[in-house]
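One file, coords-v7.cif, carrying mmCIF, C-alpha atoms:
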```cif
data_coords
#
loop_
_atom_site.label_atom_id
_atom_site.label_comp_id
_atom_site.auth_asym_id
_atom_site.auth_seq_id
_atom_site.Cartn_x
_atom_site.Cartn_y
_atom_site.Cartn_z
CA MET A 1 21.58 -42.91 -40.02
CA SER A 2 18.14 -43.29 -38.45
CA THR A 3 17.86 -45.43 -35.35
CA PRO A 4 15.72 -48.54 -35.93
CA ALA A 5 12.21 -48.05 -34.62
CA HIS A 6 12.48 -51.06 -32.29
CA ALA A 7 15.62 -49.55 -30.74
CA LEU A 8 13.93 -46.27 -29.86
CA PRO A 9 12.51 -46.11 -26.33
CA ALA A 10 8.72 -46.07 -25.97
CA SER A 11 7.64 -42.47 -25.72
CA ARG A 12 4.46 -40.49 -25.17
CA SER A 13 6.08 -37.23 -26.24
CA PRO A 14 3.81 -35.32 -28.63
CA TRP A 15 6.88 -34.68 -30.76
CA ARG A 16 8.06 -38.29 -31.01
CA SER A 17 7.20 -38.58 -34.71
CA LEU A 18 9.80 -35.88 -35.40
CA ARG A 19 12.54 -38.29 -34.30
CA HIS A 20 12.28 -39.65 -37.82
CA ARG A 21 14.04 -37.65 -40.53
CA GLY A 22 11.37 -38.24 -43.17
CA MET A 23 8.68 -36.86 -40.86
CA ARG A 24 10.77 -33.75 -40.15
CA TRP A 25 11.08 -33.00 -43.87
CA TRP A 26 7.39 -33.77 -44.46
CA SER A 27 6.36 -31.42 -41.64
CA ALA A 28 8.52 -28.63 -43.07
CA ALA A 29 7.00 -29.16 -46.51
CA ASN A 30 3.49 -29.14 -45.03
CA PHE A 31 4.17 -25.87 -43.25
CA VAL A 32 5.24 -24.24 -46.51
CA SER A 33 2.22 -25.70 -48.31
CA ASN A 34 -0.25 -24.60 -45.64
CA ALA A 35 1.20 -21.10 -45.58
CA GLY A 36 0.79 -20.87 -49.36
CA THR A 37 -2.74 -22.25 -49.24
CA TRP A 38 -3.82 -19.70 -46.63
CA MET A 39 -2.21 -16.89 -48.60
CA GLN A 40 -4.49 -17.85 -51.49
CA LEU A 41 -7.59 -18.41 -49.37
CA THR A 42 -7.12 -15.04 -47.69
CA VAL A 43 -7.34 -13.17 -51.00
CA GLN A 44 -9.70 -15.48 -52.90
CA ASN A 45 -12.92 -14.22 -51.34
CA LEU A 46 -11.79 -10.64 -51.86
CA LEU A 47 -11.10 -11.44 -55.51
CA VAL A 48 -14.60 -12.87 -55.99
CA LEU A 49 -16.12 -9.82 -54.34
CA HIS A 50 -14.02 -7.58 -56.59
CA ILE A 51 -15.19 -9.42 -59.72
CA THR A 52 -18.87 -9.77 -58.84
CA GLY A 53 -19.62 -7.50 -55.90
CA SER A 54 -21.78 -10.35 -54.54
CA ALA A 55 -21.40 -12.14 -51.22
CA ALA A 56 -23.54 -14.98 -52.59
CA ALA A 57 -20.99 -15.51 -55.38
CA THR A 58 -18.28 -15.90 -52.74
CA GLY A 59 -20.24 -18.72 -51.13
CA LEU A 60 -20.82 -20.27 -54.54
CA SER A 61 -17.09 -20.39 -55.28
CA MET A 62 -16.47 -22.18 -51.98
CA SER A 63 -19.26 -24.67 -52.66
CA VAL A 64 -17.98 -25.42 -56.16
CA GLN A 65 -14.56 -26.24 -54.75
CA ALA A 66 -16.06 -28.45 -52.02
CA ALA A 67 -18.60 -30.25 -54.22
CA PRO A 68 -16.13 -32.74 -55.78
CA ALA A 69 -15.48 -34.13 -52.30
CA LEU A 70 -19.08 -35.33 -52.27
CA LEU A 71 -19.14 -36.66 -55.83
CA VAL A 72 -15.60 -37.80 -56.66
CA SER A 73 -13.95 -38.72 -53.34
CA LEU A 74 -14.71 -42.43 -53.74
CA LEU A 75 -12.86 -42.50 -57.05
CA GLY A 76 -10.05 -40.41 -55.59
CA GLY A 77 -9.61 -42.85 -52.73
CA ALA A 78 -9.48 -45.77 -55.18
CA ALA A 79 -6.77 -43.96 -57.15
CA VAL A 80 -4.74 -43.50 -53.95
CA ASP A 81 -4.93 -47.23 -53.26
CA ARG A 82 -4.02 -48.15 -56.83
CA TRP A 83 -1.07 -45.80 -57.47
CA PRO A 84 2.30 -45.50 -55.71
CA ARG A 85 1.82 -43.13 -52.78
CA LYS A 86 4.79 -40.81 -53.29
CA LEU A 87 4.22 -40.53 -57.03
CA THR A 88 0.54 -39.73 -56.42
CA VAL A 89 1.41 -36.95 -53.98
CA ALA A 90 4.11 -35.47 -56.19
CA VAL A 91 1.87 -35.41 -59.28
CA SER A 92 -1.19 -34.05 -57.45
CA GLN A 93 0.89 -31.31 -55.83
CA ALA A 94 2.38 -30.36 -59.18
CA LEU A 95 -1.10 -30.20 -60.74
CA LEU A 96 -2.38 -28.01 -57.90
CA GLY A 97 0.64 -25.79 -58.44
CA ALA A 98 -0.20 -25.51 -62.14
CA VAL A 99 -3.76 -24.41 -61.30
CA ALA A 100 -2.43 -21.79 -58.86
CA PHE A 101 0.05 -20.44 -61.42
CA THR A 102 -2.67 -20.31 -64.09
CA THR A 103 -4.90 -18.30 -61.75
CA ALA A 104 -2.01 -15.98 -60.86
CA LEU A 105 -1.31 -15.32 -64.55
CA LEU A 106 -4.96 -14.60 -65.36
CA VAL A 107 -5.25 -12.25 -62.37
CA ALA A 108 -2.02 -10.44 -63.29
CA LEU A 109 -3.24 -9.96 -66.87
CA ASP A 110 -6.72 -8.94 -65.64
CA ARG A 111 -8.27 -11.76 -67.69
CA ILE A 112 -10.04 -13.53 -64.84
CA ASP A 113 -13.84 -13.70 -64.71
CA MET A 114 -16.28 -15.54 -62.50
CA THR A 115 -16.84 -18.44 -64.89
CA THR A 116 -13.11 -19.08 -65.22
CA LEU A 117 -12.64 -18.80 -61.46
CA LEU A 118 -15.40 -21.36 -60.84
CA VAL A 119 -13.87 -23.77 -63.37
CA LEU A 120 -10.46 -23.44 -61.69
CA ALA A 121 -12.07 -23.96 -58.28
CA ALA A 122 -13.80 -27.13 -59.51
CA VAL A 123 -10.54 -28.47 -60.98
CA THR A 124 -8.80 -27.78 -57.67
CA GLY A 125 -11.55 -29.65 -55.84
CA VAL A 126 -11.24 -32.69 -58.12
CA ILE A 127 -7.45 -32.87 -57.69
CA ALA A 128 -7.87 -32.47 -53.92
CA THR A 129 -9.99 -35.65 -53.78
CA VAL A 130 -6.80 -37.53 -54.61
CA ASP A 131 -4.27 -35.22 -52.99
CA GLY A 132 -5.97 -35.09 -49.56
CA PRO A 133 -5.98 -38.80 -48.68
CA ALA A 134 -2.64 -39.37 -50.42
CA CYS A 135 -0.92 -36.69 -48.33
CA ALA A 136 -2.57 -37.86 -45.11
CA LEU A 137 -1.48 -41.47 -45.64
CA LEU A 138 2.00 -40.56 -46.84
CA GLY A 139 2.71 -38.83 -43.54
CA ASN A 140 1.61 -41.94 -41.64
CA ASP A 141 3.70 -44.16 -43.91
CA LEU A 142 6.85 -42.41 -42.67
CA VAL A 143 6.56 -43.38 -38.99
CA PRO A 144 5.89 -46.54 -36.94
CA VAL A 145 2.23 -47.15 -36.10
CA PRO A 146 2.57 -46.10 -32.40
CA ASP A 147 3.84 -42.72 -33.63
CA VAL A 148 0.89 -42.08 -35.99
CA PRO A 149 -1.09 -40.05 -33.39
CA SER A 150 1.99 -37.89 -32.93
CA ALA A 151 2.27 -37.42 -36.69
CA ILE A 152 -1.40 -36.38 -36.84
CA GLY A 153 -1.01 -34.00 -33.89
CA VAL A 154 2.11 -32.44 -35.38
CA GLY A 155 0.21 -32.07 -38.64
CA ALA A 156 -2.57 -30.17 -36.83
CA LEU A 157 -0.01 -27.84 -35.27
CA VAL A 158 1.70 -27.32 -38.62
CA HIS A 159 -1.69 -26.48 -40.13
CA SER A 160 -2.36 -23.87 -37.44
CA ALA A 161 1.11 -22.35 -37.79
CA GLY A 162 0.80 -22.29 -41.58
CA ARG A 163 -2.58 -20.57 -41.31
CA LEU A 164 -1.15 -17.81 -39.12
CA ALA A 165 1.91 -17.36 -41.34
CA GLY A 166 -0.07 -17.48 -44.58
CA THR A 167 -2.64 -14.94 -43.43
CA ALA A 168 0.08 -12.52 -42.37
CA LEU A 169 2.15 -13.05 -45.53
CA ALA A 170 -0.91 -12.53 -47.74
CA ALA A 171 -1.39 -9.01 -46.40
CA VAL A 172 2.26 -8.17 -47.05
CA ALA A 173 2.39 -9.78 -50.50
CA VAL A 174 -0.82 -8.19 -51.74
CA GLY A 175 0.21 -4.80 -50.36
CA PHE A 176 3.54 -4.80 -52.20
CA LEU A 177 3.01 -7.09 -55.21
CA GLY A 178 -0.74 -7.38 -55.80
CA THR A 179 -3.33 -10.17 -55.58
CA ALA A 180 -1.65 -12.37 -58.18
CA SER A 181 1.39 -12.77 -55.91
CA ALA A 182 -0.62 -14.78 -53.36
CA TYR A 183 -1.62 -17.31 -56.03
CA ALA A 184 1.95 -17.47 -57.34
CA ALA A 185 3.29 -18.05 -53.82
CA ASN A 186 0.81 -20.89 -53.37
CA GLY A 187 1.97 -22.40 -56.66
CA LEU A 188 5.58 -22.28 -55.47
CA SER A 189 4.58 -23.95 -52.19
CA PHE A 190 3.03 -26.87 -54.09
CA LEU A 191 6.15 -27.27 -56.20
CA PHE A 192 8.29 -27.27 -53.05
CA VAL A 193 6.27 -30.17 -51.63
CA ALA A 194 6.50 -32.05 -54.94
CA SER A 195 10.29 -31.62 -54.93
CA VAL A 196 10.65 -32.92 -51.35
CA VAL A 197 8.48 -36.04 -51.76
CA PRO A 198 10.97 -38.16 -53.80
CA PHE A 199 13.54 -37.86 -51.02
CA LEU A 200 11.27 -38.98 -48.18
CA ARG A 201 12.21 -42.31 -46.62
CA PRO A 202 10.05 -44.21 -44.11
CA ALA A 203 11.56 -44.94 -40.72
CA PRO A 204 12.55 -48.56 -40.07
CA GLY A 205 9.46 -50.40 -38.91
CA ALA A 206 7.09 -47.86 -40.42
CA ALA A 207 3.78 -49.15 -41.71
CA GLY A 208 4.54 -47.70 -45.12
CA GLU A 209 7.69 -49.74 -45.69
CA ALA A 210 5.70 -52.72 -46.90
CA ALA A 211 3.57 -50.55 -49.13
CA ALA A 212 6.09 -48.12 -50.56
CA GLY A 213 5.33 -49.12 -54.13
CA PRO A 214 1.91 -49.66 -55.69
CA ARG A 215 -0.63 -50.72 -53.11
CA ALA A 216 0.20 -54.37 -52.65
CA ALA A 217 -3.29 -55.77 -52.30
CA PRO A 218 -3.73 -59.41 -51.30
CA GLU A 219 -4.03 -61.87 -54.12
CA GLY A 220 -7.60 -61.98 -55.32
CA ALA A 221 -8.52 -58.61 -53.81
CA GLY A 222 -9.86 -56.00 -56.19
CA MET A 223 -9.29 -52.26 -56.34
CA SER A 224 -12.91 -51.29 -56.84
CA VAL A 225 -14.70 -48.45 -55.10
CA ARG A 226 -17.36 -50.95 -54.00
CA GLU A 227 -14.78 -52.91 -52.00
CA GLY A 228 -13.89 -49.81 -49.96
CA VAL A 229 -17.53 -48.92 -49.33
CA ALA A 230 -18.32 -52.51 -48.33
CA PHE A 231 -15.43 -52.61 -45.87
CA PHE A 232 -16.53 -49.33 -44.32
CA VAL A 233 -20.19 -50.25 -43.82
CA ARG A 234 -19.35 -53.75 -42.55
CA ARG A 235 -16.82 -52.45 -40.04
CA PRO A 236 -18.82 -51.51 -36.92
CA ARG A 237 -16.04 -49.44 -35.39
CA LEU A 238 -15.84 -47.22 -38.48
CA VAL A 239 -19.63 -46.87 -38.62
CA ALA A 240 -19.59 -45.95 -34.92
CA LEU A 241 -16.80 -43.44 -35.54
CA ALA A 242 -18.82 -41.91 -38.39
CA GLY A 243 -21.88 -41.65 -36.16
CA ILE A 244 -19.96 -40.01 -33.31
CA THR A 245 -18.23 -37.57 -35.63
CA GLY A 246 -21.45 -36.78 -37.47
CA LEU A 247 -23.35 -35.97 -34.29
CA SER A 248 -20.49 -33.84 -33.00
CA SER A 249 -20.07 -32.04 -36.32
CA VAL A 250 -23.73 -31.13 -36.68
CA PHE A 251 -24.75 -30.40 -33.09
CA GLY A 252 -21.50 -29.71 -31.26
CA ARG A 253 -18.81 -28.04 -33.33
CA ASN A 254 -20.44 -25.23 -35.23
CA TYR A 255 -19.26 -22.79 -32.59
CA GLY A 256 -18.80 -20.05 -35.17
CA LEU A 257 -22.61 -20.04 -35.37
CA THR A 258 -23.89 -21.06 -31.93
CA LEU A 259 -21.40 -19.15 -29.79
CA ALA A 260 -21.61 -16.10 -32.02
CA VAL A 261 -25.37 -15.91 -31.43
CA LEU A 262 -24.99 -16.68 -27.71
CA VAL A 263 -22.32 -14.02 -27.19
CA THR A 264 -24.01 -11.26 -29.18
CA GLY A 265 -27.52 -12.18 -27.98
CA PRO A 266 -28.22 -13.50 -24.47
CA LEU A 267 -24.77 -12.51 -23.14
CA ALA A 268 -25.01 -9.01 -24.66
CA GLY A 269 -21.47 -9.01 -26.03
CA GLY A 270 -20.22 -7.50 -29.25
CA ALA A 271 -17.92 -8.47 -32.09
CA GLY A 272 -14.91 -7.90 -29.84
CA ALA A 273 -16.26 -10.32 -27.25
CA PHE A 274 -16.81 -13.02 -29.86
CA GLY A 275 -13.28 -12.35 -31.15
CA THR A 276 -12.00 -13.14 -27.66
CA VAL A 277 -14.03 -16.36 -27.59
CA SER A 278 -12.63 -17.31 -31.01
CA THR A 279 -9.08 -16.69 -29.79
CA VAL A 280 -9.62 -18.95 -26.78
CA LEU A 281 -11.08 -21.63 -29.07
CA ALA A 282 -7.96 -21.44 -31.27
CA ALA A 283 -5.66 -21.67 -28.25
CA GLY A 284 -7.58 -24.68 -26.95
CA GLY A 285 -7.28 -26.35 -30.36
CA ILE A 286 -3.50 -25.99 -30.27
CA ILE A 287 -3.29 -27.36 -26.72
CA GLY A 288 -5.53 -30.25 -27.70
CA ALA A 289 -3.38 -31.08 -30.72
CA VAL A 290 -0.33 -31.36 -28.45
CA LEU A 291 -2.20 -33.56 -25.96
CA GLY A 292 -3.68 -35.68 -28.74
CA ALA A 293 -0.21 -36.27 -30.14
CA ARG A 294 0.69 -38.00 -26.85
CA LEU A 295 -1.77 -40.83 -27.57
CA ARG A 296 -0.27 -44.16 -28.58
CA SER A 297 -3.23 -46.50 -29.24
CA PRO A 298 -6.44 -44.45 -29.53
CA SER A 299 -9.73 -46.27 -29.98
CA VAL A 300 -13.31 -45.49 -30.96
CA ARG A 301 -14.16 -45.68 -27.27
CA THR A 302 -11.64 -42.92 -26.59
CA VAL A 303 -13.21 -40.77 -29.31
CA GLY A 304 -16.70 -41.44 -27.95
CA LEU A 305 -15.83 -40.59 -24.35
CA LEU A 306 -14.12 -37.37 -25.42
CA ALA A 307 -17.05 -36.39 -27.63
CA ALA A 308 -19.50 -37.09 -24.79
CA ALA A 309 -17.41 -34.98 -22.43
CA GLY A 310 -17.43 -32.20 -25.01
CA GLY A 311 -21.20 -32.48 -25.27
CA LEU A 312 -21.62 -32.12 -21.51
CA LEU A 313 -19.29 -29.11 -21.46
CA GLN A 314 -21.40 -27.64 -24.26
CA VAL A 315 -24.55 -28.07 -22.13
CA VAL A 316 -22.95 -26.11 -19.29
CA ALA A 317 -21.68 -23.48 -21.75
CA GLY A 318 -25.21 -23.04 -23.06
CA LEU A 319 -26.31 -22.19 -19.52
CA SER A 320 -23.47 -19.70 -18.93
CA PRO A 321 -24.73 -16.67 -17.00
CA SER A 322 -21.89 -14.42 -18.19
CA LEU A 323 -19.16 -14.05 -20.77
CA VAL A 324 -16.48 -14.79 -18.15
CA VAL A 325 -18.03 -18.17 -17.33
CA LEU A 326 -18.30 -18.95 -21.05
CA LEU A 327 -14.62 -18.15 -21.59
CA VAL A 328 -13.70 -20.53 -18.76
CA LEU A 329 -15.68 -23.32 -20.45
CA VAL A 330 -14.63 -22.64 -24.02
CA LEU A 331 -11.01 -23.63 -23.45
CA PRO A 332 -11.67 -27.22 -22.26
CA MET A 333 -14.35 -27.57 -24.96
CA ALA A 334 -11.76 -26.80 -27.64
CA VAL A 335 -9.13 -29.01 -26.01
CA VAL A 336 -11.48 -32.01 -25.82
CA GLU A 337 -12.60 -31.48 -29.43
CA SER A 338 -9.02 -31.33 -30.70
CA VAL A 339 -7.89 -34.47 -28.81
CA SER A 340 -10.99 -36.29 -30.06
CA ASP A 341 -10.19 -35.26 -33.64
CA THR A 342 -6.62 -36.58 -33.36
CA ALA A 343 -7.80 -39.87 -31.87
CA GLY A 344 -10.50 -40.32 -34.50
CA THR A 345 -8.15 -39.56 -37.37
CA ALA A 346 -5.62 -42.06 -36.02
CA VAL A 347 -8.29 -44.78 -35.86
CA LEU A 348 -9.56 -43.96 -39.34
CA GLN A 349 -6.11 -44.00 -40.93
CA THR A 350 -4.71 -47.09 -39.20
CA ASP A 351 -7.71 -49.42 -38.84
CA PRO A 352 -8.23 -50.47 -42.50
CA PRO A 353 -5.70 -52.77 -44.19
CA PRO A 354 -3.10 -50.71 -46.12
CA HIS A 355 -4.55 -51.63 -49.51
CA LEU A 356 -7.96 -50.20 -48.51
CA ARG A 357 -6.99 -47.01 -46.67
CA GLY A 358 -7.34 -44.66 -49.62
CA ARG A 359 -10.85 -45.85 -50.40
CA VAL A 360 -11.88 -45.70 -46.74
CA LEU A 361 -10.68 -42.09 -46.60
CA GLY A 362 -12.64 -41.47 -49.80
CA VAL A 363 -15.82 -42.77 -48.16
CA TRP A 364 -15.08 -40.65 -45.10
CA SER A 365 -14.58 -37.53 -47.22
CA SER A 366 -17.93 -38.04 -48.95
CA VAL A 367 -19.74 -38.55 -45.67
CA GLY A 368 -17.97 -35.57 -44.09
CA THR A 369 -19.04 -33.34 -46.96
CA VAL A 370 -22.66 -34.28 -46.30
CA TRP A 371 -22.21 -33.22 -42.68
CA SER A 372 -20.53 -29.94 -43.59
CA LEU A 373 -23.22 -29.03 -46.13
CA GLY A 374 -26.25 -30.24 -44.17
CA GLY A 375 -25.13 -29.47 -40.62
CA PRO A 376 -25.38 -25.66 -40.56
CA PRO A 377 -28.96 -25.56 -41.96
CA LEU A 378 -30.10 -28.20 -39.44
CA LEU A 379 -28.46 -26.33 -36.60
CA GLY A 380 -29.95 -23.08 -37.86
CA LEU A 381 -33.43 -24.60 -37.70
CA LEU A 382 -32.77 -25.83 -34.17
CA MET A 383 -31.63 -22.34 -33.15
CA GLU A 384 -34.74 -20.82 -34.71
CA TRP A 385 -36.86 -23.15 -32.62
CA ALA A 386 -34.90 -23.22 -29.33
CA GLY A 387 -32.57 -20.22 -29.44
CA ALA A 388 -28.78 -20.27 -28.97
CA ARG A 389 -28.92 -21.58 -25.41
CA GLY A 390 -31.48 -24.24 -26.29
CA ALA A 391 -29.47 -25.39 -29.31
CA LEU A 392 -26.29 -25.74 -27.27
CA VAL A 393 -28.04 -27.60 -24.44
CA ALA A 394 -30.15 -29.84 -26.69
CA GLY A 395 -27.19 -30.58 -28.99
CA GLY A 396 -24.89 -31.41 -26.09
CA LEU A 397 -27.45 -33.72 -24.48
CA LEU A 398 -28.09 -35.43 -27.81
CA ILE A 399 -24.38 -36.06 -28.31
CA ALA A 400 -23.70 -37.31 -24.78
CA GLY A 401 -26.91 -39.35 -24.59
CA SER A 402 -26.43 -41.07 -27.95
CA ILE A 403 -22.81 -41.96 -27.21
CA GLY A 404 -23.70 -43.21 -23.73
CA ALA A 405 -26.45 -45.41 -25.17
CA GLY A 406 -24.07 -46.77 -27.76
CA LEU A 407 -21.42 -47.63 -25.17
CA LEU A 408 -24.01 -49.43 -23.03
CA ALA A 409 -25.28 -51.39 -26.03
CA ARG A 410 -21.75 -52.37 -26.96
CA ARG A 411 -20.98 -53.53 -23.40
CA ARG A 412 -24.04 -55.79 -23.44
CA GLY A 413 -23.44 -57.15 -26.91
CA GLY A 414 -19.67 -57.53 -26.80
CA PRO A 415 -17.21 -57.09 -29.69
CA VAL A 416 -18.10 -58.57 -33.06
CA PRO A 417 -15.38 -60.32 -35.09
CA VAL A 418 -15.23 -58.92 -38.62
CA PRO A 419 -13.41 -60.88 -41.38
CA VAL A 420 -10.59 -58.84 -42.93
CA VAL A 421 -8.40 -60.01 -45.78
CA ALA A 422 -4.76 -59.87 -44.68
CA ARG A 423 -1.81 -59.14 -46.95
CA ASP A 424 -0.94 -62.79 -47.38
CA GLY A 425 -4.49 -63.52 -48.50
CA GLU A 426 -5.60 -65.18 -45.28
CA VAL A 427 -8.82 -64.07 -43.62
CA THR A 428 -8.48 -63.00 -40.01
CA GLY A 429 -11.07 -62.10 -37.40
CA ARG A 430 -10.69 -58.61 -35.94
CA GLU A 431 -12.76 -57.22 -33.10
CA ALA A 432 -15.19 -54.57 -34.18
CA LEU A 433 -14.51 -52.06 -31.42
CA GLY A 434 -11.09 -52.92 -30.10
CA THR A 435 -8.04 -50.68 -29.84
CA ALA A 436 -7.07 -49.12 -33.13
CA ALA A 437 -3.33 -49.40 -33.42
#
```
Since I need it in another form, could you write the structure as structure tokens?
Amino acid sequence: MSTPAHALPASRSPWRSLRHRGMRWWSAANFVSNAGTWMQLTVQNLLVLHITGSAAATGLSMSVQAAPALLVSLLGGAAVDRWPRKLTVAVSQALLGAVAFTTALLVALDRIDMTTLLVLAAVTGVIATVDGPACALLGNDLVPVPDVPSAIGVGALVHSAGRLAGTALAAVAVGFLGTASAYAANGLSFLFVASVVPFLRPAPGAAGEAAAGPRAAPEGAGMSVREGVAFFVRRPRLVALAGITGLSSVFGRNYGLTLAVLVTGPLAGGAGAFGTVSTVLAAGGIIGAVLGARLRSPSVRTVGLLAAAGGLLQVVAGLSPSLVVLLVLVLPMAVVESVSDTAGTAVLQTDPPPHLRGRVLGVWSSVGTVWSLGGPPLLGLLMEWAGARGALVAGGLLIAGSIGAGLLARRRGGPVPVPVVARDGEVTGREALGTAA
């Protein structure tokens, strides 16, 4: 029998969320699912190239799968708020499994073409607009609120481990069984998650206990998309979080582009040197996920300070005189980014009232898609104008300067109470930029 949450000693262990049985099962299911997903992703681009022989077509297939996040995420978030969480996850996982099995069958029978593949990618993207926020919130529902950062950090580690396992398994499966086997394995991984979900039980004291059934909205509260958008834009801390994340995403985290040009250009390194930099970035991300999981009550201020620190590290990295100096800087850059991500995700997923969290994540997904689509071209233009070093320095200064100005403005203005409808229907005042959990 699980120990009541209030009886467990306060802990800052990054693994504290795994004290709860439901979280242990959910983490195992996520590992299997991530491994299956990366098996499919590893072979998908090769399949498109095999069908079309065009690198542009490969990019098109990725864009088609991502596009629904921009167009349909608001509706997906509303569905997550309206429907029972576990049922939503189980059904969406089963549907994703059906798409994977359909693709596997078409590939095995050599009946797949580019049009069909694009349609299947679009269907996957639409289902993911519901599945993504539902899965994220279900994991948080299983643990007490102070353990949510740990659950997010563990999830990041599970994602990294699943990526490594899936990439390795894809090579073995394709070598022995063919391309269709990777899609079939992904289908099985989705069905495994769907079969585990009905048996998950929230820990005593978990935030999800009160919302285990349909989203119990306060009396008089609607379930419209507009309500979620209105909450987001009227909540200064979420707007601030979006601004910080947007700046960092566009000007500070596209290291696959900026550092690649820096290493192969001014630092006169080759592909091997950039591979070393990428490995150090990955290691720093794992370390940061562990450190981020130790947080108990992250705030927007925490996210901002970490992002500003990352921006300053990026400035110094842009001025690196050698590859060795860059490698020394890359590790803390990745660590700070990963901790900031964990803190920001914890704020995003715990700040809204439970009946609004799906729609808030839907708004966030739409905004994030704009960043991911528009960021690389903007950064590319900056690099054309200022070069790799100039882009890193200018981007880092822009991030740190904007966040510093925002913190000063907030200190002068003070927190702003924002009315939020509570579960019992009463309206409460909550500080705009206080601690999240």
- Query: Which residues match the PyMOL selection byres ((chain A and resi 202) around 7) in the file above, as a list in words?
  - Reply: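 That expression, the PyMOL selection byres ((chain A and resi 202) around 7), corresponds here to Gly22, Asp141, Leu142, Val143, Leu200, Arg201, Ala203, Pro204, Ala206, Gly208 and Glu209 of chain A.
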- Task: Please write as a ChimeraX atom specification the list of polymer residues whose atoms come within 9 Å of (-23.5, -31.1, -18.3), counting only C-alpha atoms and keeping to the coordinates of the file.
- Result: /A:309,311-317,393,396-397,400
- Item | Close residues, A:Gly288 itself excluded, 8 Å, only C-alpha atoms, min 4 positions apart in chain, as a PyMOL selection string | chain A and resi 284+292+334-339
- Message: Under the rule that all atoms listed in the file are counted, which of A:Ala346, A:Ile51, A:Leu326, A:Val123 is the nearest residue to A:Asp110?
- Response: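 Looking only at the distances to A:Asp110, the closest residue turns out to be A:Ile51.
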What would the selection look like, as a compact mmCIF listing (two decimals) with C-alpha atoms, keeping the file's coordinate frame, if the PyMOL selection byres ((chain A and resi 98) around 12) were run on the coordinates I just shared?
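Saved result, expr_33.txt, follows:
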```txt
# COMPACT_ATOMS: atom_id res chain seq x y z
CA VAL A 91 1.87 -35.41 -59.28
CA SER A 92 -1.19 -34.05 -57.45
CA GLN A 93 0.89 -31.31 -55.83
CA ALA A 94 2.38 -30.36 -59.18
CA LEU A 95 -1.10 -30.20 -60.74
CA LEU A 96 -2.38 -28.01 -57.90
CA GLY A 97 0.64 -25.79 -58.44
CA VAL A 99 -3.76 -24.41 -61.30
CA ALA A 100 -2.43 -21.79 -58.86
CA PHE A 101 0.05 -20.44 -61.42
CA THR A 102 -2.67 -20.31 -64.09
CA THR A 103 -4.90 -18.30 -61.75
CA ALA A 104 -2.01 -15.98 -60.86
CA LEU A 105 -1.31 -15.32 -64.55
CA LEU A 120 -10.46 -23.44 -61.69
CA VAL A 123 -10.54 -28.47 -60.98
CA THR A 124 -8.80 -27.78 -57.67
CA ILE A 127 -7.45 -32.87 -57.69
CA TYR A 183 -1.62 -17.31 -56.03
CA ALA A 184 1.95 -17.47 -57.34
CA ALA A 185 3.29 -18.05 -53.82
CA ASN A 186 0.81 -20.89 -53.37
CA GLY A 187 1.97 -22.40 -56.66
CA LEU A 188 5.58 -22.28 -55.47
CA SER A 189 4.58 -23.95 -52.19
CA PHE A 190 3.03 -26.87 -54.09
CA LEU A 191 6.15 -27.27 -56.20
CA ALA A 194 6.50 -32.05 -54.94
```
- Query: Out of A:Tyr255, A:Trp15, A:Trp371, A:Phe232, which residue has the shortest atom-to-atom distance to A:Leu157 when counting only C-alpha atoms?
  - Reply: A:Trp15
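Distances here use all atoms listed in the file; by that measure, the residue among A:Ala386, A:Val360, A:Ala273, A:Asp147 closest to A:Arg234 is A:Val360.
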- Message: With all atoms listed in the file as the counted atoms, please give the residues lying no more than 8 Å from A:Val303, apart from itself and same-chain residues fewer than 4 positions off, as a ChimeraX atom specification.
- Response: /A:241,244,298-299,307,340-341,343-344
Could the residues in this selection be saved with C-alpha atoms as an mmCIF file, keeping the file's coordinate frame?
```cif
data_model
loop_
_atom_site.group_PDB
_atom_site.id
_atom_site.type_symbol
_atom_site.label_atom_id
_atom_site.label_comp_id
_atom_site.auth_asym_id
_atom_site.auth_seq_id
_atom_site.Cartn_x
_atom_site.Cartn_y
_atom_site.Cartn_z
ATOM 1 C CA LEU A 241 -16.800 -43.440 -35.540
ATOM 2 C CA ILE A 244 -19.960 -40.010 -33.310
ATOM 3 C CA PRO A 298 -6.440 -44.450 -29.530
ATOM 4 C CA SER A 299 -9.730 -46.270 -29.980
ATOM 5 C CA ALA A 307 -17.050 -36.390 -27.630
ATOM 6 C CA SER A 340 -10.990 -36.290 -30.060
ATOM 7 C CA ASP A 341 -10.190 -35.260 -33.640
ATOM 8 C CA ALA A 343 -7.800 -39.870 -31.870
ATOM 9 C CA GLY A 344 -10.500 -40.320 -34.500
#
```
- Message: (-19.4, -34.2, -47.3) in this file's frame - what residues fall within 12 Å of it? Use only C-alpha atoms and give the answer as a PyMOL selection string.
- Response: chain A and resi 63+65-74+129+242+246+249-250+361-375
- Please write the residues picked by the PyMOL selection byres ((chain A and resi 23) around 12) on this file as number ranges by chain. A: 2, 15-22, 24-30, 138-144, 147-148, 150-152, 154-155, 196-197, 199-203, 206
- Mind giving me the straight-line distance from atom CA of A:Leu281 to atom CA of A:Leu331 in Å, one decimal?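 Going from atom CA of A:Leu281 over to atom CA of A:Leu331, I get 6.0 Å.
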- Task: Measure the distance from atom CA of A:Thr179 to atom CA of A:Ala161 in Å and round it to one decimal.
- Result: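 Separation between atom CA of A:Thr179 and atom CA of A:Ala161: 22.0 Å.
The space between atom CA of A:Leu267 and atom CA of A:Leu323 spans 6.3 Å.
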- Can you tell me, as a PyMOL selection string, what residues are no more than 12 Å from A:Leu379 when counting only C-alpha atoms, ignoring any on the same chain fewer than 3 positions away? chain A and resi 247-258+371-376+382-388+390-392+394-395
